[in-house]
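Trainee: File run.pdb below, PDB, C-alpha atoms:
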```
ATOM      1  CA  MET W 285     -17.259 -25.031 316.395
ATOM      2  CA  GLU W 286     -20.206 -27.230 316.901
ATOM      3  CA  THR W 287     -21.863 -28.473 313.776
ATOM      4  CA  THR W 288     -25.070 -30.339 313.291
ATOM      5  CA  TYR W 289     -25.430 -33.560 311.394
ATOM      6  CA  ALA W 290     -28.510 -34.910 309.771
ATOM      7  CA  VAL W 291     -27.751 -38.422 308.629
ATOM      8  CA  PHE W 292     -29.592 -41.046 306.658
ATOM      9  CA  SER W 293     -30.282 -43.756 309.143
ATOM     10  CA  LEU W 294     -30.941 -46.986 307.306
ATOM     11  CA  SER W 295     -32.977 -48.277 310.140
ATOM     12  CA  GLN W 296     -34.180 -51.443 308.541
ATOM     13  CA  LEU W 297     -32.200 -53.301 305.968
ATOM     14  CA  SER W 298     -34.079 -56.061 304.287
ATOM     15  CA  PHE W 299     -33.136 -57.831 301.123
ATOM     16  CA  PHE W 300     -36.091 -60.105 300.966
ATOM     17  CA  PRO W 301     -38.988 -58.312 299.321
ATOM     18  CA  PRO W 302     -37.536 -58.328 295.794
ATOM     19  CA  LYS W 303     -40.287 -56.605 293.879
ATOM     20  CA  PRO W 304     -38.793 -55.949 290.459
ATOM     21  CA  ARG W 305     -38.534 -52.311 289.528
ATOM     22  CA  CYS W 306     -36.443 -52.867 286.466
ATOM     23  CA  ASN W 307     -33.538 -54.938 285.301
ATOM     24  CA  LYS W 308     -30.301 -54.322 283.524
ATOM     25  CA  ALA W 309     -27.458 -56.626 282.743
ATOM     26  CA  TYR W 310     -24.940 -54.143 283.972
ATOM     27  CA  LEU W 311     -21.474 -53.939 282.410
ATOM     28  CA  SER W 312     -19.967 -57.389 282.296
ATOM     29  CA  TRP W 313     -21.973 -58.725 285.207
ATOM     30  CA  PRO W 314     -24.629 -61.201 284.286
ATOM     31  CA  CYS W 315     -28.022 -60.475 285.749
ATOM     32  CA  LYS W 316     -30.900 -62.854 285.547
ATOM     33  CA  GLN W 317     -33.990 -61.336 284.034
ATOM     34  CA  ARG W 318     -36.442 -61.470 286.928
ATOM     35  CA  ASN W 319     -39.470 -60.133 285.244
ATOM     36  CA  SER W 320     -40.408 -61.051 281.734
ATOM     37  CA  GLN W 321     -43.251 -58.566 281.456
ATOM     38  CA  SER W 322     -42.921 -56.149 278.613
ATOM     39  CA  THR W 323     -42.836 -53.161 280.971
ATOM     40  CA  SER W 324     -39.508 -54.348 282.315
ATOM     41  CA  LEU W 325     -37.915 -55.327 279.054
ATOM     42  CA  HIS W 326     -37.572 -51.729 277.925
ATOM     43  CA  CYS W 327     -36.081 -50.503 281.183
ATOM     44  CA  GLN W 328     -32.374 -49.732 280.946
ATOM     45  CA  LYS W 329     -31.830 -49.262 284.656
ATOM     46  CA  MET W 330     -30.263 -51.455 287.264
ATOM     47  CA  TYR W 331     -32.695 -53.487 289.318
ATOM     48  CA  VAL W 332     -33.048 -52.014 292.811
ATOM     49  CA  PRO W 333     -34.767 -54.484 295.134
ATOM     50  CA  GLY W 334     -36.628 -53.829 298.328
ATOM     51  CA  PHE W 335     -38.505 -50.637 297.638
ATOM     52  CA  GLY W 336     -41.854 -52.293 297.092
ATOM     53  CA  GLU W 337     -44.268 -50.063 295.269
ATOM     54  CA  ALA W 338     -42.159 -47.023 296.069
ATOM     55  CA  SER W 339     -38.940 -45.973 294.353
ATOM     56  CA  PRO W 340     -35.545 -44.813 295.588
ATOM     57  CA  GLU W 341     -36.551 -41.338 294.422
ATOM     58  CA  ALA W 342     -39.724 -41.441 296.517
ATOM     59  CA  LYS W 343     -37.777 -42.639 299.525
ATOM     60  CA  ALA W 344     -35.175 -39.890 299.100
ATOM     61  CA  ALA W 345     -37.947 -37.306 298.603
ATOM     62  CA  LYS W 346     -39.545 -38.390 301.868
ATOM     63  CA  ASN W 347     -36.222 -37.989 303.628
ATOM     64  CA  LEU W 348     -35.690 -34.564 302.086
ATOM     65  CA  HIS W 349     -39.194 -33.627 303.233
ATOM     66  CA  ASN W 350     -38.190 -34.289 306.830
ATOM     67  CA  PHE W 351     -34.945 -32.409 306.240
ATOM     68  CA  PHE W 352     -36.865 -29.373 304.932
ATOM     69  CA  THR W 353     -39.053 -29.398 308.030
ATOM     70  CA  TYR W 354     -35.936 -29.479 310.171
ATOM     71  CA  ILE W 355     -34.474 -26.550 308.216
ATOM     72  CA  ALA W 356     -37.760 -24.607 308.440
ATOM     73  CA  VAL W 357     -37.740 -25.039 312.226
ATOM     74  CA  ARG W 358     -34.177 -23.701 312.353
ATOM     75  CA  ILE W 359     -35.068 -20.730 310.130
ATOM     76  CA  VAL W 360     -38.114 -19.829 312.216
ATOM     77  CA  ALA W 361     -36.171 -20.248 315.457
ATOM     78  CA  ALA W 362     -33.389 -17.991 314.192
ATOM     79  CA  GLN W 363     -35.938 -15.355 313.211
ATOM     80  CA  LEU W 364     -37.729 -15.562 316.562
ATOM     81  CA  GLU W 365     -34.516 -15.434 318.540
ATOM     82  CA  SER W 366     -33.846 -11.932 317.303
ATOM     83  CA  TYR W 367     -37.226 -10.306 317.944
ATOM     84  CA  ASN W 368     -39.479 -12.581 319.981
ATOM     85  CA  THR W 369     -37.541 -14.384 322.663
ATOM     86  CA  GLU W 370     -40.687 -15.624 324.361
ATOM     87  CA  ALA W 371     -41.849 -17.500 321.261
ATOM     88  CA  TYR W 372     -38.279 -18.668 320.718
ATOM     89  CA  GLU W 373     -38.142 -20.153 324.225
ATOM     90  CA  GLU W 374     -41.490 -21.845 323.688
ATOM     91  CA  LEU W 375     -40.303 -23.407 320.446
ATOM     92  CA  MET W 376     -37.059 -24.585 322.069
ATOM     93  CA  GLU W 377     -38.980 -26.057 324.977
ATOM     94  CA  PHE W 378     -41.343 -27.849 322.601
ATOM     95  CA  MET W 379     -38.396 -29.205 320.625
ATOM     96  CA  SER W 380     -36.830 -30.605 323.765
ATOM     97  CA  ARG W 381     -39.953 -32.750 324.189
ATOM     98  CA  HIS W 382     -40.656 -33.704 320.560
ATOM     99  CA  SER W 383     -38.461 -35.376 317.986
ATOM    100  CA  LEU W 384     -37.946 -33.733 314.605
ATOM    101  CA  ASN W 385     -37.175 -37.041 312.898
ATOM    102  CA  ASP W 386     -40.733 -37.173 311.617
ATOM    103  CA  GLY W 387     -41.354 -33.612 310.489
ATOM    104  CA  ASP W 388     -45.074 -34.007 309.870
ATOM    105  CA  LYS W 389     -45.667 -35.585 313.250
ATOM    106  CA  PHE W 390     -43.738 -32.729 314.868
ATOM    107  CA  CYS W 391     -45.870 -30.137 313.062
ATOM    108  CA  ALA W 392     -49.120 -31.972 313.881
ATOM    109  CA  SER W 393     -48.216 -31.953 317.586
ATOM    110  CA  LEU W 394     -47.122 -28.322 317.481
ATOM    111  CA  LEU W 395     -50.439 -27.318 315.855
ATOM    112  CA  ARG W 396     -52.321 -28.847 318.794
ATOM    113  CA  GLU W 397     -50.134 -27.643 321.676
ATOM    114  CA  SER W 398     -51.645 -24.190 322.166
ATOM    115  CA  SER W 399     -52.829 -21.294 320.042
ATOM    116  CA  ARG W 400     -49.379 -19.691 320.226
ATOM    117  CA  HIS W 401     -47.769 -22.945 319.189
ATOM    118  CA  LYS W 402     -50.299 -23.199 316.375
ATOM    119  CA  SER W 403     -49.008 -19.949 314.907
ATOM    120  CA  LEU W 404     -45.483 -21.313 315.063
ATOM    121  CA  ALA W 405     -46.584 -24.508 313.315
ATOM    122  CA  LEU W 406     -48.314 -22.624 310.506
ATOM    123  CA  ARG W 407     -45.216 -20.527 310.114
ATOM    124  CA  ILE W 408     -43.036 -23.641 309.854
ATOM    125  CA  LEU W 409     -45.349 -25.133 307.202
ATOM    126  CA  GLU W 410     -45.128 -21.907 305.218
ATOM    127  CA  VAL W 411     -41.355 -21.706 305.499
ATOM    128  CA  ARG W 412     -40.660 -25.307 304.491
ATOM    129  CA  SER W 413     -42.786 -24.825 301.397
ATOM    130  CA  ALA W 414     -41.042 -21.578 300.443
ATOM    131  CA  TYR W 415     -37.634 -23.010 301.265
ATOM    132  CA  CYS W 416     -37.854 -26.088 299.059
ATOM    133  CA  LYS W 417     -39.402 -24.127 296.189
ATOM    134  CA  HIS W 418     -37.251 -21.025 296.161
ATOM    135  CA  ASP W 419     -34.171 -21.355 298.349
ATOM    136  CA  PHE W 420     -32.944 -24.932 298.187
ATOM    137  CA  GLU W 421     -30.445 -25.306 295.339
ATOM    138  CA  TRP W 422     -31.477 -28.518 293.598
ATOM    139  CA  ASP W 423     -28.802 -28.356 290.897
ATOM    140  CA  ASN W 424     -26.196 -27.776 293.564
ATOM    141  CA  LEU W 425     -27.459 -30.839 295.444
ATOM    142  CA  LYS W 426     -26.996 -33.001 292.360
ATOM    143  CA  ASN W 427     -23.543 -31.611 291.575
ATOM    144  CA  LEU W 428     -22.375 -32.023 295.153
ATOM    145  CA  ALA W 429     -23.706 -35.571 295.375
ATOM    146  CA  LEU W 430     -22.038 -36.642 292.113
ATOM    147  CA  LYS W 431     -18.793 -35.004 293.203
ATOM    148  CA  THR W 432     -18.966 -36.695 296.604
ATOM    149  CA  VAL W 433     -19.342 -40.130 295.024
ATOM    150  CA  ASP W 434     -16.394 -39.594 292.675
ATOM    151  CA  GLU W 435     -14.137 -38.159 295.359
ATOM    152  CA  SER W 436     -15.070 -40.820 297.899
ATOM    153  CA  ASN W 437     -14.430 -43.636 295.440
ATOM    154  CA  THR W 438     -11.022 -42.218 294.555
ATOM    155  CA  ARG W 439     -10.110 -41.667 298.194
ATOM    156  CA  LEU W 440     -11.211 -45.141 299.303
ATOM    157  CA  MET W 441      -9.199 -46.841 296.565
ATOM    158  CA  ARG W 442      -6.150 -44.608 297.036
ATOM    159  CA  ASP W 443      -6.120 -45.184 300.796
ATOM    160  CA  TYR W 444      -6.399 -48.922 300.272
ATOM    161  CA  VAL W 445      -3.600 -48.987 297.696
ATOM    162  CA  LEU W 446      -1.307 -46.877 299.883
ATOM    163  CA  GLU W 447      -2.051 -49.047 302.900
ATOM    164  CA  THR W 448      -1.353 -52.323 301.130
ATOM    165  CA  SER W 449       1.599 -51.128 299.090
ATOM    166  CA  PRO W 450       4.740 -53.197 299.883
ATOM    167  CA  ASP W 451       6.771 -49.969 300.052
ATOM    168  CA  ASN W 452       5.079 -49.038 303.314
TER
ATOM    169  CA  MET M 592     -45.420 -56.815 302.428
ATOM    170  CA  GLU M 593     -42.307 -55.760 304.176
ATOM    171  CA  THR M 594     -40.846 -52.482 303.092
ATOM    172  CA  THR M 595     -37.614 -50.832 303.961
ATOM    173  CA  TYR M 596     -37.303 -47.359 305.298
ATOM    174  CA  ALA M 597     -34.314 -45.108 305.083
ATOM    175  CA  VAL M 598     -34.982 -42.081 307.222
ATOM    176  CA  PHE M 599     -33.204 -38.864 307.900
ATOM    177  CA  SER M 600     -32.200 -39.121 311.502
ATOM    178  CA  LEU M 601     -31.538 -35.672 312.858
ATOM    179  CA  SER M 602     -29.216 -37.004 315.436
ATOM    180  CA  GLN M 603     -28.042 -33.729 316.865
ATOM    181  CA  LEU M 604     -30.181 -30.678 316.916
ATOM    182  CA  SER M 605     -28.394 -27.561 317.937
ATOM    183  CA  PHE M 606     -29.473 -24.009 317.458
ATOM    184  CA  PHE M 607     -26.449 -22.351 318.903
ATOM    185  CA  PRO M 608     -23.795 -22.001 316.240
ATOM    186  CA  PRO M 609     -25.529 -19.288 314.222
ATOM    187  CA  LYS M 610     -23.009 -18.702 311.473
ATOM    188  CA  PRO M 611     -24.827 -16.511 308.987
ATOM    189  CA  ARG M 612     -25.319 -18.010 305.565
ATOM    190  CA  CYS M 613     -27.658 -15.383 304.319
ATOM    191  CA  ASN M 614     -30.588 -13.324 305.490
ATOM    192  CA  LYS M 615     -33.956 -12.495 304.175
ATOM    193  CA  ALA M 616     -36.743 -10.552 305.760
ATOM    194  CA  TYR M 617     -39.295 -13.136 304.778
ATOM    195  CA  LEU M 618     -42.886 -12.183 304.024
ATOM    196  CA  SER M 619     -44.288 -10.134 306.865
ATOM    197  CA  TRP M 620     -41.978 -11.516 309.523
ATOM    198  CA  PRO M 621     -39.298  -9.137 310.650
ATOM    199  CA  CYS M 622     -35.806 -10.541 310.585
ATOM    200  CA  LYS M 623     -32.859  -8.753 312.046
ATOM    201  CA  GLN M 624     -30.015  -8.347 309.583
ATOM    202  CA  ARG M 625     -27.276 -10.399 311.195
ATOM    203  CA  ASN M 626     -24.494  -9.707 308.809
ATOM    204  CA  SER M 627     -23.856  -6.329 307.320
ATOM    205  CA  GLN M 628     -21.189  -7.483 304.896
ATOM    206  CA  SER M 629     -21.970  -6.796 301.282
ATOM    207  CA  THR M 630     -21.911 -10.500 300.429
ATOM    208  CA  SER M 631     -25.008 -10.971 302.532
ATOM    209  CA  LEU M 632     -26.872  -7.908 301.425
ATOM    210  CA  HIS M 633     -27.467  -9.293 297.955
ATOM    211  CA  CYS M 634     -28.643 -12.679 299.157
ATOM    212  CA  GLN M 635     -32.368 -13.155 298.769
ATOM    213  CA  LYS M 636     -32.547 -16.387 300.722
ATOM    214  CA  MET M 637     -33.735 -17.158 304.208
ATOM    215  CA  TYR M 638     -31.042 -17.434 306.833
ATOM    216  CA  VAL M 639     -30.440 -21.063 307.777
ATOM    217  CA  PRO M 640     -28.414 -21.300 310.976
ATOM    218  CA  GLY M 641     -26.340 -24.148 312.261
ATOM    219  CA  PHE M 642     -24.678 -25.497 309.149
ATOM    220  CA  GLY M 643     -21.327 -23.883 309.823
ATOM    221  CA  GLU M 644     -19.186 -23.710 306.731
ATOM    222  CA  ALA M 645     -21.329 -26.317 305.019
ATOM    223  CA  SER M 646     -24.729 -25.757 303.454
ATOM    224  CA  PRO M 647     -28.045 -27.583 303.606
ATOM    225  CA  GLU M 648     -27.311 -28.768 300.070
ATOM    226  CA  ALA M 649     -23.952 -30.230 301.158
ATOM    227  CA  LYS M 650     -25.589 -31.947 304.111
ATOM    228  CA  ALA M 651     -28.323 -33.394 301.907
ATOM    229  CA  ALA M 652     -25.710 -34.486 299.330
ATOM    230  CA  LYS M 653     -23.801 -36.319 302.034
ATOM    231  CA  ASN M 654     -26.972 -38.088 303.092
ATOM    232  CA  LEU M 655     -27.776 -39.009 299.495
ATOM    233  CA  HIS M 656     -24.231 -40.334 299.155
ATOM    234  CA  ASN M 657     -24.887 -42.807 301.962
ATOM    235  CA  PHE M 658     -28.239 -43.621 300.408
ATOM    236  CA  PHE M 659     -26.565 -44.380 297.054
ATOM    237  CA  THR M 660     -24.111 -46.712 298.764
ATOM    238  CA  TYR M 661     -27.027 -48.484 300.418
ATOM    239  CA  ILE M 662     -28.761 -48.814 297.047
ATOM    240  CA  ALA M 663     -25.558 -50.035 295.367
ATOM    241  CA  VAL M 664     -25.218 -52.745 298.012
ATOM    242  CA  ARG M 665     -28.788 -53.826 297.357
ATOM    243  CA  ILE M 666     -28.230 -53.853 293.582
ATOM    244  CA  VAL M 667     -25.034 -55.908 293.878
ATOM    245  CA  ALA M 668     -26.660 -58.299 296.346
ATOM    246  CA  ALA M 669     -29.638 -58.817 294.038
ATOM    247  CA  GLN M 670     -27.285 -59.527 291.133
ATOM    248  CA  LEU M 671     -25.184 -61.960 293.178
ATOM    249  CA  GLU M 672     -28.212 -63.759 294.547
ATOM    250  CA  SER M 673     -29.136 -64.947 291.081
ATOM    251  CA  TYR M 674     -25.803 -66.304 289.910
ATOM    252  CA  ASN M 675     -23.267 -66.401 292.755
ATOM    253  CA  THR M 676     -24.882 -67.506 295.979
ATOM    254  CA  GLU M 677     -21.529 -67.938 297.718
ATOM    255  CA  ALA M 678     -20.592 -64.288 297.210
ATOM    256  CA  TYR M 679     -24.152 -63.314 298.115
ATOM    257  CA  GLU M 680     -23.903 -65.172 301.422
ATOM    258  CA  GLU M 681     -20.555 -63.531 302.144
ATOM    259  CA  LEU M 682     -21.987 -60.088 301.510
ATOM    260  CA  MET M 683     -25.016 -60.813 303.706
ATOM    261  CA  GLU M 684     -22.770 -62.101 306.471
ATOM    262  CA  PHE M 685     -20.562 -59.015 306.240
ATOM    263  CA  MET M 686     -23.627 -56.767 306.350
ATOM    264  CA  SER M 687     -24.849 -58.448 309.499
ATOM    265  CA  ARG M 688     -21.625 -57.324 311.175
ATOM    266  CA  HIS M 689     -21.220 -53.840 309.665
ATOM    267  CA  SER M 690     -23.584 -50.884 309.602
ATOM    268  CA  LEU M 691     -24.459 -49.265 306.289
ATOM    269  CA  ASN M 692     -25.252 -45.929 307.913
ATOM    270  CA  ASP M 693     -21.806 -44.665 306.945
ATOM    271  CA  GLY M 694     -21.412 -45.949 303.389
ATOM    272  CA  ASP M 695     -17.756 -45.036 303.000
ATOM    273  CA  LYS M 696     -16.804 -46.700 306.263
ATOM    274  CA  PHE M 697     -18.691 -49.820 305.165
ATOM    275  CA  CYS M 698     -16.829 -49.881 301.832
ATOM    276  CA  ALA M 699     -13.452 -49.254 303.500
ATOM    277  CA  SER M 700     -14.024 -52.214 305.821
ATOM    278  CA  LEU M 701     -15.269 -54.428 302.986
ATOM    279  CA  LEU M 702     -12.150 -53.595 300.923
ATOM    280  CA  ARG M 703      -9.966 -54.876 303.759
ATOM    281  CA  GLU M 704     -11.915 -57.979 304.763
ATOM    282  CA  SER M 705     -10.487 -60.434 302.200
ATOM    283  CA  SER M 706      -9.615 -60.484 298.515
ATOM    284  CA  ARG M 707     -13.096 -61.776 297.658
ATOM    285  CA  HIS M 708     -14.694 -59.047 299.739
ATOM    286  CA  LYS M 709     -12.408 -56.549 298.004
ATOM    287  CA  SER M 710     -13.953 -57.455 294.652
ATOM    288  CA  LEU M 711     -17.398 -56.901 296.130
ATOM    289  CA  ALA M 712     -16.336 -53.513 297.491
ATOM    290  CA  LEU M 713     -14.941 -52.377 294.141
ATOM    291  CA  ARG M 714     -18.140 -53.509 292.511
ATOM    292  CA  ILE M 715     -20.204 -51.496 294.994
ATOM    293  CA  LEU M 716     -18.094 -48.384 294.357
ATOM    294  CA  GLU M 717     -18.624 -48.820 290.625
ATOM    295  CA  VAL M 718     -22.363 -49.339 290.964
ATOM    296  CA  ARG M 719     -22.994 -46.371 293.250
ATOM    297  CA  SER M 720     -21.179 -44.119 290.797
ATOM    298  CA  ALA M 721     -23.124 -45.467 287.805
ATOM    299  CA  TYR M 722     -26.378 -45.381 289.729
ATOM    300  CA  CYS M 723     -26.255 -41.745 290.799
ATOM    301  CA  LYS M 724     -25.030 -40.618 287.369
ATOM    302  CA  HIS M 725     -27.309 -42.599 285.091
ATOM    303  CA  ASP M 726     -30.173 -44.256 286.948
ATOM    304  CA  PHE M 727     -31.254 -41.971 289.767
ATOM    305  CA  GLU M 728     -33.967 -39.608 288.539
ATOM    306  CA  TRP M 729     -32.972 -36.224 289.910
ATOM    307  CA  ASP M 730     -35.872 -34.318 288.366
ATOM    308  CA  ASN M 731     -38.248 -36.872 289.766
ATOM    309  CA  LEU M 732     -36.707 -36.420 293.223
ATOM    310  CA  LYS M 733     -37.338 -32.680 293.080
ATOM    311  CA  ASN M 734     -40.901 -33.060 291.806
ATOM    312  CA  LEU M 735     -41.748 -35.677 294.409
ATOM    313  CA  ALA M 736     -40.253 -33.610 297.234
ATOM    314  CA  LEU M 737     -42.143 -30.443 296.229
ATOM    315  CA  LYS M 738     -45.346 -32.444 295.885
ATOM    316  CA  THR M 739     -44.809 -34.066 299.290
ATOM    317  CA  VAL M 740     -44.428 -30.698 301.006
ATOM    318  CA  ASP M 741     -47.587 -29.288 299.396
ATOM    319  CA  GLU M 742     -49.657 -32.367 300.111
ATOM    320  CA  SER M 743     -48.389 -32.693 303.676
ATOM    321  CA  ASN M 744     -49.106 -29.045 304.446
ATOM    322  CA  THR M 745     -52.642 -29.353 303.106
ATOM    323  CA  ARG M 746     -53.257 -32.592 304.971
ATOM    324  CA  LEU M 747     -51.903 -31.280 308.282
ATOM    325  CA  MET M 748     -54.043 -28.159 308.139
ATOM    326  CA  ARG M 749     -57.154 -30.007 306.942
ATOM    327  CA  ASP M 750     -56.845 -32.615 309.700
ATOM    328  CA  TYR M 751     -56.451 -29.898 312.304
ATOM    329  CA  VAL M 752     -59.425 -27.922 311.023
ATOM    330  CA  LEU M 753     -61.640 -31.017 310.901
ATOM    331  CA  GLU M 754     -60.531 -32.021 314.393
ATOM    332  CA  THR M 755     -61.234 -28.632 315.948
ATOM    333  CA  SER M 756     -64.389 -27.863 314.013
ATOM    334  CA  PRO M 757     -67.338 -27.308 316.405
ATOM    335  CA  ASP M 758     -69.517 -29.456 314.138
ATOM    336  CA  ASN M 759     -67.648 -32.561 315.240
TER
END
```
Is it possible to give me this structure as structure tokens?
Mentor:
Amino acid sequence: METTYAVFSLSQLSFFPPKPRCNKAYLSWPCKQRNSQSTSLHCQKMYVPGFGEASPEAKAAKNLHNFFTYIAVRIVAAQLESYNTEAYEELMEFMSRHSLNDGDKFCASLLRESSRHKSLALRILEVRSAYCKHDFEWDNLKNLALKTVDESNTRLMRDYVLETSPDN
Amino acid sequence: METTYAVFSLSQLSFFPPKPRCNKAYLSWPCKQRNSQSTSLHCQKMYVPGFGEASPEAKAAKNLHNFFTYIAVRIVAAQLESYNTEAYEELMEFMSRHSLNDGDKFCASLLRESSRHKSLALRILEVRSAYCKHDFEWDNLKNLALKTVDESNTRLMRDYVLETSPDN
């Protein structure tokens, strides 16, 4: 069965714009206080460099926004497929020519393609709004993400220990 | 100022494995009931095709997991930079040879590189767990994502209306 993957692509990794968000001497690891302003002194969080004025949450929200657009396109396509094959074909054809990586750019282009495409675009905007507000399970996302981190950490360490065990 | 972008890359778009998750005749758009089993009849959500046995939430959690690894690497690097430049250089050098797109694969390789790299890897595992449990603002993520969708929808429609207005 074919499945579809939407992955975080960390297209640019840069460690050099260290704009302090906040600092924390974490566990036993010393961490130089980078910012002596009072706003930072009360922050109990680990310092995450490289996000400039934005935050990791803002970056993740932007990524989820593109993901919701992608999901809205799939929902609309699935609906069209069953009762309006002509519109479905048009949407598929448009998708073959336009990337969904930037959801807003995709919708902006779709709005301007033709009046029929405009209706599709408005529908996609409506669906992504309804989806993220009513259908997407935010608590489930958090639980799954926390579980994934725990399970992955355990698996990575177990695999390493098994691999390097002298009994093997 | 240089900023770093982590984007959802929808690397494979496929509309052809429609495994019903759930159906909803949404607003005024007709939607054929694809699955007559009772489990689907009580579901009030829109049908999202193409996720197979997984869910959009699981897919997003997996992406966030890679994002947390990326953030943990940045946190550890920022800490090392200030008090252990040798380890910092080693981590940078390793990163130049290994992609962070798959966080677990990156950590598995780092664990096996050398005993010094192993310590770095264990530290990264620890930090990504602590980060997603204590530092990452989940409510903020949700609020920002909902706000982004609303603002983007308004902006896209406003821009289109202004562009096509006969007064222009």
Trainee: Which residue is closest to Asn347 (chain W)? Choose from W:Pro333, W:Ala362, W:Ser380, W:Asp386 and count all atoms listed in the file.
Mentor: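 For Asn347 (chain W), the nearest of the candidates is W:Asp386.
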Trainee: Which of these residues is nearest to chain W, using only C-alpha atoms: M:Val639, M:Leu682, M:Leu711, M:Ala645?
Mentor: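 Under the stated criterion, the closest residue is M:Val639.
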Trainee: Set the distance at 10 Å and use all atoms listed in the file: which residues neighbour Ser743 (chain M) once local chain neighbours fewer than 6 positions away are removed? I'd like the list as a PyMOL selection string.
Mentor: (chain W and resi 349+387-388+409+413) or (chain M and resi 737+749)
Trainee: W:Glu447, W:Glu397, W:Asp419, W:Glu365: which is nearest chain M, counting only C-alpha atoms?
Mentor: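 Of W:Glu447, W:Glu397, W:Asp419, W:Glu365, the one nearest chain M is W:Asp419, counting only C-alpha atoms.
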Trainee: Output the residue selection produced by the PyMOL selection byres ((chain M and resi 733) around 10) on the file above, formatted as number ranges by chain.
Mentor: W: 341-342, 344-345, 348, 416-417, 422-423; M: 728-732, 734-739
Trainee: Which one is closest to Tyr331 (chain W): M:Met683, M:Ala699, M:Tyr722, M:Glu717? Count only C-alpha atoms.
Mentor: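 Closest to Tyr331 (chain W) of all the choices is M:Tyr722.
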